[in-house]
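**Student:** My questions will all concern the structure given below.
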Amino acid sequence: MDMLGAINDAIWNPMAYFALAVGLFFTVLTGWVQFRRFPDMIRQILSKKNSSDGISPIQALLLTLASRVGVGNIAGVATAIAAGGPGALFWMVLCALLGSASSFAESTLAQVFKRRINGEHRGGMPFYIEYGLKLKWLAVVVSLIAMVGYGFVFPGVQSNNIASSVETAFNVPPLVSAIGITALMSFVIVGGTKRIVGAAQLMVPVMAVGYIIAALAIVAVNYEQIIPTLSMILSSAFGTHQVFGGIVGAAVAWGVRRAVFSNVAGVGEGTYGAAAASVSHPAKQGLVQAFSIYIDTVVVCFATGLMIIMTGSYNVTAPDGAVLVEGVPGLKAGAAYTQQAISTVLPGVGPGFVAVALFFFAFTTLVAFFYIAKTNLVYLSGRDDNPVMDWTLKIGMLVITFFGAIISADAMWAIGDIGYGTLGWINMLCLLALSSVVYKVIRDYEKQRKNGLDPIFNPLALGIKGADFWVEEAQAIAEKQAILAAERSRK
């Protein structure tokens, strides 16, 4: 565990600052698109899908949110505050605001280089690495890491969090939780992509809205603490607070690290759901996915942090081990902080409510993980109808979901973080290498919008190679237009 921890620190500590830099780069490159085009985000979320195949933009958004909104929104925020103080929350939000530009970039690229396989839109990291950068070997490596991670490692961490929180709140043995979670997962994943999307479409709004309402209730009851809490967050973030001024470096590192862990902007996780959407221009889904970062971090994570800080339900330990604040003596950083914050207003309700919230957050993440693993399997095999490989993935994921709920997840967390961090480094470097494509796509979108058009993507006109899906789409549109023109001439 010590060795795994050292490897994790070596991967994640510099990546926190690199993620900020990449987010700032794409913010400038796209002309602050995540702020300027906010109205377009809402418009695209509510738009219909562009063809009979693929899924709608909002379905793709919910599928992505299913993976983004998870354990990190409850437990991850608490650990950031415990290690970096209240100022970590500011850096989480700032990272999200910049990271939404990274999300726009990776989601746009996922759309540009996606493929149609057995009537479904498939795309993501390995697709734009192979067809955009022409690095087939790297795409295969990335796809293997992602398939193993999302199919056979990460699910165990999610089921473990569900089982432990249910045991704490309701005294239900982990074995019972393991059986229940596995049974539900088998029902969802055996049903295929449509059932996966349907599950995300049903559960994501319920879990997000319910959790935000609870957070607002806690804030409303403690309304007199809003201004002091915000003041503490800002002063701690910039090192001027008398208690937390000395750990401003930890606030930055942990705030950014947990933001990246929660919203995975630039890590590539959201690219698979983004590619599944049927839109007329890649930038449209890029805008939708940029909005998902706001929901995950600016809304859900900030709500969690605000609850914890304003109720004093946290401890803070400096990097040298000195205890700076001990608001909840003996309480381990994690979901317990959120449980305590809710219990200050609703005594006895906190453990049960957080357990239910964690169930929804973690279970929808499990559902999204299967879709990601399946997409990587489809990429590696080149087909979507291999029953042997398909059932191997399904059975393997159900097995790790079951055993993850009843065994210690420490080593699984550590190994998963290493794989996750490795994917993040590779993906962000690839995004930078493909930044010229992102620039061409956003300029094309902006130009068409300025001319009052509903943007339609034609990669050949922009000199973008490897976007075979869109070339086929452009040819199909041209054929339809030619047929219509011939019919008009005959009339």
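As shown in the structure tokens, the chain order sets the letters A, B, ...; within each chain, residues go from 1, and ligands are also counted from 1 in the order they appear.
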I'd like the neighbourhood of Gly249 (chain A) as an MDAnalysis selection string, where a residue qualifies if any of its atoms comes within 10 Å (using only C-alpha atoms), though same-chain residues fewer than 4 positions away should be ignored.

**Tutor:** chainID A and resid 84 87:88 237:239 245 253:255 319

**Student:** Print the selection's residues with N, CA and C atoms to a file, as a PDB file, in the first residue's frame.

**Tutor:**
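Done, and the output landed in out_31.pdb:
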ATOM      1  N   GLY A  84      -7.077  20.130   2.884  1.00  0.00           N
ATOM      2  CA  GLY A  84      -6.723  21.453   2.377  1.00  0.00           C
ATOM      3  C   GLY A  84      -7.468  22.604   3.014  1.00  0.00           C
ATOM      4  N   GLY A  87     -10.574  26.413   1.978  1.00  0.00           N
ATOM      5  CA  GLY A  87     -10.124  27.005   0.726  1.00  0.00           C
ATOM      6  C   GLY A  87     -10.090  26.025  -0.426  1.00  0.00           C
ATOM      7  N   ALA A  88     -10.024  24.732  -0.116  1.00  0.00           N
ATOM      8  CA  ALA A  88     -10.007  23.716  -1.170  1.00  0.00           C
ATOM      9  C   ALA A  88     -11.281  23.779  -2.005  1.00  0.00           C
ATOM     10  N   ALA A 237      -8.521  30.196   0.672  1.00  0.00           N
ATOM     11  CA  ALA A 237      -8.021  29.855  -0.660  1.00  0.00           C
ATOM     12  C   ALA A 237      -6.805  30.674  -1.041  1.00  0.00           C
ATOM     13  N   PHE A 238      -6.703  31.908  -0.514  1.00  0.00           N
ATOM     14  CA  PHE A 238      -5.603  32.792  -0.888  1.00  0.00           C
ATOM     15  C   PHE A 238      -4.608  33.024   0.246  1.00  0.00           C
ATOM     16  N   GLY A 239      -4.715  32.220   1.316  1.00  0.00           N
ATOM     17  CA  GLY A 239      -3.708  32.250   2.367  1.00  0.00           C
ATOM     18  C   GLY A 239      -3.781  33.400   3.338  1.00  0.00           C
ATOM     19  N   GLY A 245      -4.152  29.910   6.647  1.00  0.00           N
ATOM     20  CA  GLY A 245      -3.233  30.599   5.741  1.00  0.00           C
ATOM     21  C   GLY A 245      -1.980  29.804   5.416  1.00  0.00           C
ATOM     22  N   ALA A 253      -3.780  22.053  -4.110  1.00  0.00           N
ATOM     23  CA  ALA A 253      -3.528  20.684  -4.576  1.00  0.00           C
ATOM     24  C   ALA A 253      -4.729  19.777  -4.372  1.00  0.00           C
ATOM     25  N   TRP A 254      -5.317  19.815  -3.169  1.00  0.00           N
ATOM     26  CA  TRP A 254      -6.435  18.914  -2.878  1.00  0.00           C
ATOM     27  C   TRP A 254      -7.733  19.371  -3.528  1.00  0.00           C
ATOM     28  N   GLY A 255      -7.920  20.678  -3.644  1.00  0.00           N
ATOM     29  CA  GLY A 255      -9.120  21.172  -4.309  1.00  0.00           C
ATOM     30  C   GLY A 255      -9.161  20.757  -5.764  1.00  0.00           C
ATOM     31  N   PRO A 319      -0.392  19.382   6.433  1.00  0.00           N
ATOM     32  CA  PRO A 319       0.505  18.365   5.861  1.00  0.00           C
ATOM     33  C   PRO A 319       1.527  17.820   6.845  1.00  0.00           C
TER      34      PRO A 319
END

**Student:** Could you pull the residues within 10 Å of region 37-49 of chain A, counting only C-alpha atoms, minus those fewer than 3 positions along the same chain, as a PDB file with C-alpha atoms, in the first residue's frame?

**Tutor:**
ATOM      1  CA  GLY A  31     -12.569  32.178 -26.629  1.00  0.00           C
ATOM      2  CA  TRP A  32     -14.068  31.361 -23.217  1.00  0.00           C
ATOM      3  CA  VAL A  33     -16.704  29.220 -24.896  1.00  0.00           C
ATOM      4  CA  GLN A  34     -17.956  27.734 -21.599  1.00  0.00           C
ATOM      5  CA  SER A  52     -32.967   7.771 -36.050  1.00  0.00           C
ATOM      6  CA  ASP A  53     -29.813   6.186 -34.615  1.00  0.00           C
ATOM      7  CA  GLY A  54     -27.746   7.471 -31.711  1.00  0.00           C
ATOM      8  CA  ILE A  55     -29.284   9.021 -28.605  1.00  0.00           C
ATOM      9  CA  SER A  56     -30.513  12.553 -27.888  1.00  0.00           C
ATOM     10  CA  PRO A  57     -28.178  15.231 -26.462  1.00  0.00           C
ATOM     11  CA  ILE A  58     -29.923  15.192 -23.085  1.00  0.00           C
ATOM     12  CA  GLN A  59     -29.718  11.380 -22.907  1.00  0.00           C
ATOM     13  CA  ALA A  60     -25.980  11.631 -23.589  1.00  0.00           C
ATOM     14  CA  LEU A  61     -25.724  14.312 -20.886  1.00  0.00           C
ATOM     15  CA  ALA A 277     -25.320  11.581 -29.104  1.00  0.00           C
ATOM     16  CA  SER A 278     -26.867  12.265 -32.500  1.00  0.00           C
ATOM     17  CA  VAL A 279     -26.200  15.917 -33.373  1.00  0.00           C
ATOM     18  CA  SER A 280     -25.567  17.879 -36.575  1.00  0.00           C
ATOM     19  CA  ALA A 283     -19.523  21.470 -31.003  1.00  0.00           C
ATOM     20  CA  LYS A 284     -23.167  21.086 -30.015  1.00  0.00           C
ATOM     21  CA  GLN A 285     -22.446  18.061 -27.832  1.00  0.00           C
ATOM     22  CA  GLY A 286     -19.239  19.681 -26.643  1.00  0.00           C
ATOM     23  CA  LEU A 287     -21.351  22.486 -25.193  1.00  0.00           C
ATOM     24  CA  VAL A 288     -23.745  20.007 -23.564  1.00  0.00           C
ATOM     25  CA  GLN A 289     -20.873  18.162 -21.887  1.00  0.00           C
ATOM     26  CA  ALA A 290     -19.271  21.412 -20.740  1.00  0.00           C
ATOM     27  CA  PHE A 291     -22.525  22.140 -18.914  1.00  0.00           C
ATOM     28  CA  SER A 292     -22.295  18.778 -17.118  1.00  0.00           C
ATOM     29  CA  GLU A 446     -19.244  30.180 -34.427  1.00  0.00           C
TER      30      GLU A 446
END

**Student:** Which distance in Å separates CA of Ala405 (chain A) and CA of Ser313 (chain A), to one decimal?

**Tutor:**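 Value for the CA of Ala405 (chain A)-CA of Ser313 (chain A) distance: 27.1 Å.
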
**Student:** Identify all residues of region 308-437 of chain A in strand (DSSP E) (DSSP on the backbone) and supply them as a list in words.

**Tutor:** Asn315, Val316, Thr317, Val323, Leu324, Val325 and Glu326 of chain A

**Student:** Quick one: residues within 10 Å of Ala96 (chain A), only C-alpha atoms, excluding same-chain residues fewer than 4 positions away - as a list of chain:residue names?

**Tutor:**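 Neighbouring residues, sequence-local ones excluded: A:Leu20, A:Gly23, A:Phe90, A:Trp91, A:Met92, A:Ser100, A:Ala101, A:Ser102, A:Ser103, A:Val256, A:Ala259, A:Val260, A:Ser262, A:Asn263, A:Val264, A:Ala265, A:Ala290, A:Ser292, A:Ile293, A:Tyr294, A:Ile295, A:Asp296, A:Thr297, A:Val298.
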
**Student:** As an MDAnalysis selection string, please: every residue in region 309-393 of chain A that a backbone DSSP assignment puts in helix (DSSP H, G or I).

**Tutor:** chainID A and resid 309:310 335:343 350:381 387:393

**Student:** Put those residues in a file: N, CA and C atoms, as a short mmCIF file (atom, residue, chain, number, x, y, z; two decimals), in the first residue's frame.

**Tutor:**
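Generated file (out-v9.cif):
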data_model
loop_
_atom_site.label_atom_id
_atom_site.label_comp_id
_atom_site.auth_asym_id
_atom_site.auth_seq_id
_atom_site.Cartn_x
_atom_site.Cartn_y
_atom_site.Cartn_z
N ILE A 309 -18.98 22.90 5.78
CA ILE A 309 -18.26 24.01 6.39
C ILE A 309 -19.16 24.86 7.27
N MET A 310 -20.36 25.19 6.81
CA MET A 310 -21.22 26.10 7.58
C MET A 310 -21.76 25.46 8.86
N ALA A 335 -17.79 10.44 3.78
CA ALA A 335 -19.24 10.61 3.82
C ALA A 335 -19.74 10.96 5.21
N ALA A 336 -18.99 10.57 6.25
CA ALA A 336 -19.40 10.85 7.63
C ALA A 336 -19.54 12.34 7.90
N TYR A 337 -18.73 13.17 7.23
CA TYR A 337 -18.85 14.63 7.41
C TYR A 337 -20.20 15.12 6.91
N THR A 338 -20.61 14.62 5.75
CA THR A 338 -21.91 15.02 5.18
C THR A 338 -23.05 14.50 6.04
N GLN A 339 -22.90 13.29 6.54
CA GLN A 339 -23.93 12.73 7.43
C GLN A 339 -24.09 13.59 8.68
N GLN A 340 -22.96 14.02 9.23
CA GLN A 340 -22.99 14.86 10.43
C GLN A 340 -23.62 16.22 10.13
N ALA A 341 -23.29 16.79 8.96
CA ALA A 341 -23.84 18.11 8.59
C ALA A 341 -25.36 18.06 8.51
N ILE A 342 -25.90 17.02 7.91
CA ILE A 342 -27.35 16.88 7.79
C ILE A 342 -27.99 16.62 9.16
N SER A 343 -27.30 15.84 9.97
CA SER A 343 -27.83 15.51 11.29
C SER A 343 -27.91 16.72 12.22
N GLY A 350 -29.25 12.05 8.97
CA GLY A 350 -28.05 12.14 8.14
C GLY A 350 -27.53 10.82 7.61
N PRO A 351 -27.27 9.81 8.47
CA PRO A 351 -26.72 8.54 7.97
C PRO A 351 -27.61 7.88 6.92
N GLY A 352 -28.92 7.85 7.18
CA GLY A 352 -29.84 7.20 6.24
C GLY A 352 -29.93 7.94 4.93
N PHE A 353 -30.03 9.28 4.99
CA PHE A 353 -30.15 10.07 3.77
C PHE A 353 -28.90 9.93 2.91
N VAL A 354 -27.72 10.04 3.53
CA VAL A 354 -26.47 9.94 2.77
C VAL A 354 -26.30 8.54 2.19
N ALA A 355 -26.74 7.53 2.92
CA ALA A 355 -26.66 6.15 2.42
C ALA A 355 -27.50 6.00 1.15
N VAL A 356 -28.71 6.56 1.17
CA VAL A 356 -29.58 6.49 -0.01
C VAL A 356 -28.98 7.29 -1.17
N ALA A 357 -28.46 8.49 -0.85
CA ALA A 357 -27.84 9.32 -1.90
C ALA A 357 -26.63 8.60 -2.50
N LEU A 358 -25.81 8.02 -1.62
CA LEU A 358 -24.64 7.30 -2.11
C LEU A 358 -25.03 6.12 -2.98
N PHE A 359 -26.13 5.46 -2.62
CA PHE A 359 -26.59 4.34 -3.43
C PHE A 359 -26.89 4.81 -4.85
N PHE A 360 -27.68 5.87 -4.97
CA PHE A 360 -28.04 6.38 -6.30
C PHE A 360 -26.80 6.87 -7.05
N PHE A 361 -25.94 7.63 -6.35
CA PHE A 361 -24.75 8.17 -6.99
C PHE A 361 -23.85 7.04 -7.49
N ALA A 362 -23.58 6.07 -6.61
CA ALA A 362 -22.65 4.99 -6.96
C ALA A 362 -23.25 4.02 -7.96
N PHE A 363 -24.55 3.73 -7.84
CA PHE A 363 -25.16 2.76 -8.75
C PHE A 363 -25.23 3.30 -10.18
N THR A 364 -25.59 4.57 -10.33
CA THR A 364 -25.62 5.14 -11.69
C THR A 364 -24.21 5.19 -12.27
N THR A 365 -23.21 5.37 -11.40
CA THR A 365 -21.83 5.33 -11.86
C THR A 365 -21.48 3.93 -12.36
N LEU A 366 -21.94 2.92 -11.65
CA LEU A 366 -21.73 1.54 -12.09
C LEU A 366 -22.32 1.31 -13.48
N VAL A 367 -23.52 1.82 -13.68
CA VAL A 367 -24.20 1.67 -14.98
C VAL A 367 -23.37 2.33 -16.09
N ALA A 368 -22.89 3.54 -15.82
CA ALA A 368 -22.09 4.25 -16.82
C ALA A 368 -20.76 3.55 -17.05
N PHE A 369 -20.17 2.99 -15.99
CA PHE A 369 -18.90 2.27 -16.13
C PHE A 369 -19.03 1.10 -17.11
N PHE A 370 -20.17 0.40 -17.04
CA PHE A 370 -20.35 -0.72 -17.96
C PHE A 370 -20.40 -0.23 -19.40
N TYR A 371 -21.10 0.88 -19.64
CA TYR A 371 -21.18 1.41 -21.00
C TYR A 371 -19.79 1.78 -21.50
N ILE A 372 -18.97 2.39 -20.64
CA ILE A 372 -17.61 2.78 -21.03
C ILE A 372 -16.77 1.54 -21.34
N ALA A 373 -16.85 0.53 -20.45
CA ALA A 373 -16.10 -0.70 -20.68
C ALA A 373 -16.54 -1.38 -21.98
N LYS A 374 -17.85 -1.38 -22.22
CA LYS A 374 -18.38 -2.02 -23.43
C LYS A 374 -17.90 -1.28 -24.69
N THR A 375 -17.87 0.04 -24.65
CA THR A 375 -17.41 0.80 -25.80
C THR A 375 -15.95 0.49 -26.11
N ASN A 376 -15.13 0.35 -25.08
CA ASN A 376 -13.73 -0.01 -25.29
C ASN A 376 -13.60 -1.43 -25.83
N LEU A 377 -14.47 -2.32 -25.38
CA LEU A 377 -14.48 -3.68 -25.91
C LEU A 377 -14.85 -3.67 -27.39
N VAL A 378 -15.83 -2.86 -27.74
CA VAL A 378 -16.24 -2.74 -29.15
C VAL A 378 -15.09 -2.20 -29.99
N TYR A 379 -14.37 -1.22 -29.44
CA TYR A 379 -13.22 -0.66 -30.18
C TYR A 379 -12.16 -1.73 -30.42
N LEU A 380 -11.83 -2.49 -29.38
CA LEU A 380 -10.76 -3.49 -29.49
C LEU A 380 -11.13 -4.63 -30.43
N SER A 381 -12.39 -5.04 -30.39
CA SER A 381 -12.82 -6.17 -31.22
C SER A 381 -13.29 -5.73 -32.60
N PRO A 387 -20.66 -12.46 -28.79
CA PRO A 387 -21.30 -12.90 -27.55
C PRO A 387 -20.34 -13.39 -26.49
N VAL A 388 -19.23 -14.02 -26.88
CA VAL A 388 -18.27 -14.54 -25.90
C VAL A 388 -17.62 -13.41 -25.13
N MET A 389 -17.09 -12.42 -25.86
CA MET A 389 -16.44 -11.28 -25.20
C MET A 389 -17.44 -10.45 -24.43
N ASP A 390 -18.63 -10.31 -24.99
CA ASP A 390 -19.67 -9.52 -24.33
C ASP A 390 -20.06 -10.12 -22.98
N TRP A 391 -20.29 -11.42 -22.96
CA TRP A 391 -20.66 -12.07 -21.71
C TRP A 391 -19.50 -12.16 -20.72
N THR A 392 -18.28 -12.23 -21.24
CA THR A 392 -17.11 -12.21 -20.35
C THR A 392 -17.05 -10.89 -19.58
N LEU A 393 -17.31 -9.80 -20.31
CA LEU A 393 -17.32 -8.48 -19.67
C LEU A 393 -18.46 -8.38 -18.65
#

**Student:** For Thr304 (chain A), please output as a list in words all residues within 8 Å (counting only C-alpha atoms; exclusion window: fewer than 4 positions along the same chain).

**Tutor:**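 Non-adjacent residues within range: Asn73, Ile74, Val77, Ala215, Val300, Ile308 and Thr338 of chain A.
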
**Student:** Limited to N, CA and C atoms, could you put the picked residues into a file as a PDB file, in the first residue's frame?

**Tutor:**
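Writing done, so here's result_0.pdb:
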ATOM      1  N   ASN A  73     -18.551  13.263  -5.103  1.00  0.00           N
ATOM      2  CA  ASN A  73     -19.359  14.447  -4.774  1.00  0.00           C
ATOM      3  C   ASN A  73     -19.722  14.507  -3.301  1.00  0.00           C
ATOM      4  N   ILE A  74     -19.648  13.387  -2.604  1.00  0.00           N
ATOM      5  CA  ILE A  74     -19.952  13.360  -1.176  1.00  0.00           C
ATOM      6  C   ILE A  74     -18.684  13.135  -0.357  1.00  0.00           C
ATOM      7  N   VAL A  77     -15.326  15.507  -1.594  1.00  0.00           N
ATOM      8  CA  VAL A  77     -15.333  16.891  -1.114  1.00  0.00           C
ATOM      9  C   VAL A  77     -14.866  16.947   0.335  1.00  0.00           C
ATOM     10  N   ALA A 215     -29.469  19.857   0.398  1.00  0.00           N
ATOM     11  CA  ALA A 215     -28.384  20.797   0.682  1.00  0.00           C
ATOM     12  C   ALA A 215     -28.926  22.212   0.878  1.00  0.00           C
ATOM     13  N   VAL A 300     -23.298  20.411  -7.300  1.00  0.00           N
ATOM     14  CA  VAL A 300     -23.375  19.310  -6.336  1.00  0.00           C
ATOM     15  C   VAL A 300     -22.206  19.331  -5.353  1.00  0.00           C
ATOM     16  N   ILE A 308     -21.016  21.150   4.816  1.00  0.00           N
ATOM     17  CA  ILE A 308     -20.014  20.692   5.781  1.00  0.00           C
ATOM     18  C   ILE A 308     -19.382  21.859   6.525  1.00  0.00           C
ATOM     19  N   THR A 338     -20.614  14.623   5.748  1.00  0.00           N
ATOM     20  CA  THR A 338     -21.908  15.020   5.176  1.00  0.00           C
ATOM     21  C   THR A 338     -23.048  14.501   6.040  1.00  0.00           C
TER      22      THR A 338
END

**Student:** May I have the residues within 6 Å of region 267-272 of chain A as a list in words, using only C-alpha atoms and disregarding those fewer than 4 positions away in the same chain?

**Tutor:**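 Everything that qualifies: Thr64, Ser107, Ala110, Gly123, Gly124, Gly424 and Asn427 of chain A.
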
**Student:** Output C-alpha atoms for every residue in the selection just made, as an mmCIF file, in the first residue's frame.

**Tutor:**
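result-v3.cif, freshly written:
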data_model
loop_
_atom_site.group_PDB
_atom_site.id
_atom_site.type_symbol
_atom_site.label_atom_id
_atom_site.label_comp_id
_atom_site.auth_asym_id
_atom_site.auth_seq_id
_atom_site.Cartn_x
_atom_site.Cartn_y
_atom_site.Cartn_z
ATOM 1 C CA THR A 64 -22.222 11.226 -18.733
ATOM 2 C CA SER A 107 -16.306 15.746 -26.067
ATOM 3 C CA ALA A 110 -15.207 12.302 -29.422
ATOM 4 C CA GLY A 123 -16.546 6.933 -29.813
ATOM 5 C CA GLY A 124 -14.231 8.169 -27.093
ATOM 6 C CA GLY A 424 -5.731 11.398 -17.427
ATOM 7 C CA ASN A 427 -5.744 11.993 -22.577
#

**Student:** I need the residue nearest Val345 (chain A) from this list: A:Ala82, A:Met203, A:Ala217, A:Leu324. Use only C-alpha atoms for the distance.

**Tutor:**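 Closest residue, counting only C-alpha atoms: A:Ala217.
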
**Student:** Which one is closest to Leu89 (chain A): A:Ile464, A:Val176, A:Val325, A:Val252? Count only C-alpha atoms.

**Tutor:**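 The answer is A:Val252, which sits nearest to Leu89 (chain A).
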
**Student:** Find the residues around Gly149 (chain A) up to 8 Å (only C-alpha atoms counted), leave out those fewer than 3 positions away in its own chain, and share them as a list of chain:residue names.

**Tutor:**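 Final neighbour list, sorted by chain and number: A:Ile145, A:Ala146, A:Phe152, A:Val153, A:Phe154, A:Ala373, A:Gly416, A:Gly419, A:Tyr420.
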
**Student:** Would you mind exporting all heavy atoms of the selected residues as an mmCIF file, in the first residue's frame?

**Tutor:**
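Output contents, as saved in out-v4.cif:
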data_model
loop_
_atom_site.group_PDB
_atom_site.id
_atom_site.type_symbol
_atom_site.label_atom_id
_atom_site.label_comp_id
_atom_site.auth_asym_id
_atom_site.auth_seq_id
_atom_site.Cartn_x
_atom_site.Cartn_y
_atom_site.Cartn_z
ATOM 1 N N ILE A 145 -6.485 -0.324 -20.921
ATOM 2 C CA ILE A 145 -6.493 0.205 -19.551
ATOM 3 C C ILE A 145 -7.914 0.586 -19.145
ATOM 4 O O ILE A 145 -8.368 0.277 -18.041
ATOM 5 C CB ILE A 145 -5.558 1.434 -19.430
ATOM 6 C CG1 ILE A 145 -4.103 1.028 -19.673
ATOM 7 C CG2 ILE A 145 -5.698 2.070 -18.045
ATOM 8 C CD1 ILE A 145 -3.146 2.208 -19.725
ATOM 9 N N ALA A 146 -8.615 1.267 -20.050
ATOM 10 C CA ALA A 146 -9.974 1.715 -19.749
ATOM 11 C C ALA A 146 -10.927 0.534 -19.582
ATOM 12 O O ALA A 146 -11.751 0.517 -18.661
ATOM 13 C CB ALA A 146 -10.477 2.640 -20.854
ATOM 14 N N PHE A 152 -13.412 -4.103 -14.604
ATOM 15 C CA PHE A 152 -12.996 -5.100 -13.619
ATOM 16 C C PHE A 152 -12.345 -4.531 -12.356
ATOM 17 O O PHE A 152 -11.922 -5.305 -11.494
ATOM 18 C CB PHE A 152 -12.029 -6.097 -14.275
ATOM 19 C CG PHE A 152 -12.588 -6.767 -15.499
ATOM 20 C CD1 PHE A 152 -12.176 -6.384 -16.766
ATOM 21 C CD2 PHE A 152 -13.552 -7.762 -15.395
ATOM 22 C CE1 PHE A 152 -12.697 -6.991 -17.905
ATOM 23 C CE2 PHE A 152 -14.074 -8.374 -16.525
ATOM 24 C CZ PHE A 152 -13.653 -7.987 -17.781
ATOM 25 N N VAL A 153 -12.211 -3.215 -12.234
ATOM 26 C CA VAL A 153 -11.591 -2.632 -11.032
ATOM 27 C C VAL A 153 -12.489 -1.582 -10.384
ATOM 28 O O VAL A 153 -12.926 -1.739 -9.245
ATOM 29 C CB VAL A 153 -10.216 -2.006 -11.364
ATOM 30 C CG1 VAL A 153 -9.603 -1.393 -10.096
ATOM 31 C CG2 VAL A 153 -9.263 -3.057 -11.931
ATOM 32 N N PHE A 154 -12.766 -0.505 -11.108
ATOM 33 C CA PHE A 154 -13.520 0.615 -10.547
ATOM 34 C C PHE A 154 -14.892 0.229 -9.988
ATOM 35 O O PHE A 154 -15.325 0.790 -8.977
ATOM 36 C CB PHE A 154 -13.701 1.730 -11.585
ATOM 37 C CG PHE A 154 -12.418 2.237 -12.186
ATOM 38 C CD1 PHE A 154 -12.418 2.855 -13.426
ATOM 39 C CD2 PHE A 154 -11.212 2.096 -11.525
ATOM 40 C CE1 PHE A 154 -11.245 3.328 -13.998
ATOM 41 C CE2 PHE A 154 -10.027 2.561 -12.081
ATOM 42 C CZ PHE A 154 -10.043 3.174 -13.326
ATOM 43 N N ALA A 373 -16.851 0.532 -20.453
ATOM 44 C CA ALA A 373 -16.097 -0.699 -20.684
ATOM 45 C C ALA A 373 -16.541 -1.375 -21.981
ATOM 46 O O ALA A 373 -15.706 -1.873 -22.752
ATOM 47 C CB ALA A 373 -16.268 -1.646 -19.494
ATOM 48 N N GLY A 416 -6.943 1.476 -8.808
ATOM 49 C CA GLY A 416 -7.853 2.226 -9.665
ATOM 50 C C GLY A 416 -7.378 3.644 -9.899
ATOM 51 O O GLY A 416 -7.436 4.162 -11.021
ATOM 52 N N GLY A 419 -4.561 3.691 -12.475
ATOM 53 C CA GLY A 419 -5.086 3.565 -13.832
ATOM 54 C C GLY A 419 -5.792 4.818 -14.288
ATOM 55 O O GLY A 419 -5.621 5.284 -15.424
ATOM 56 N N TYR A 420 -6.568 5.404 -13.380
ATOM 57 C CA TYR A 420 -7.317 6.624 -13.667
ATOM 58 C C TYR A 420 -6.380 7.780 -13.991
ATOM 59 O O TYR A 420 -6.566 8.520 -14.960
ATOM 60 C CB TYR A 420 -8.149 6.948 -12.427
ATOM 61 C CG TYR A 420 -9.507 7.512 -12.695
ATOM 62 C CD1 TYR A 420 -10.363 6.929 -13.614
ATOM 63 C CD2 TYR A 420 -9.951 8.631 -11.992
ATOM 64 C CE1 TYR A 420 -11.626 7.444 -13.824
ATOM 65 C CE2 TYR A 420 -11.213 9.154 -12.201
ATOM 66 C CZ TYR A 420 -12.042 8.561 -13.120
ATOM 67 O OH TYR A 420 -13.294 9.076 -13.329
#

**Student:** Considering only C-alpha atoms, return as JSON, numbers by chain whatever protein or nucleic-acid residues lie within 10 Å of Thr229 (chain A), sequence-local ones (same chain, fewer than 2 positions apart) excluded.

**Tutor:** {"A": [86, 224, 225, 226, 227, 231, 232, 233, 234, 235, 306, 307, 309, 310, 311, 312]}

**Student:** Pick from A:Ala433, A:Val157, A:Met207, A:Val148: nearest to Ser408 (chain A), with only C-alpha atoms counted?

**Tutor:**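 Looking at the shortest contact to Ser408 (chain A), the residue is A:Val157.
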
**Student:** So which one's closest to Val471 (chain A), A:Arg443, A:Arg68, A:Lys114, A:Arg258? Using only C-alpha atoms, please.

**Tutor:**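 Distance minimum relative to Val471 (chain A) lands on A:Lys114.
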
**Student:** Point out the residue among A:Asn13, A:Ile418, A:Phe402, A:Thr79 with the least atom-to-atom distance to Ala333 (chain A), counting only C-alpha atoms.

**Tutor:**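 For Ala333 (chain A), the nearest of the given residues is A:Thr79.
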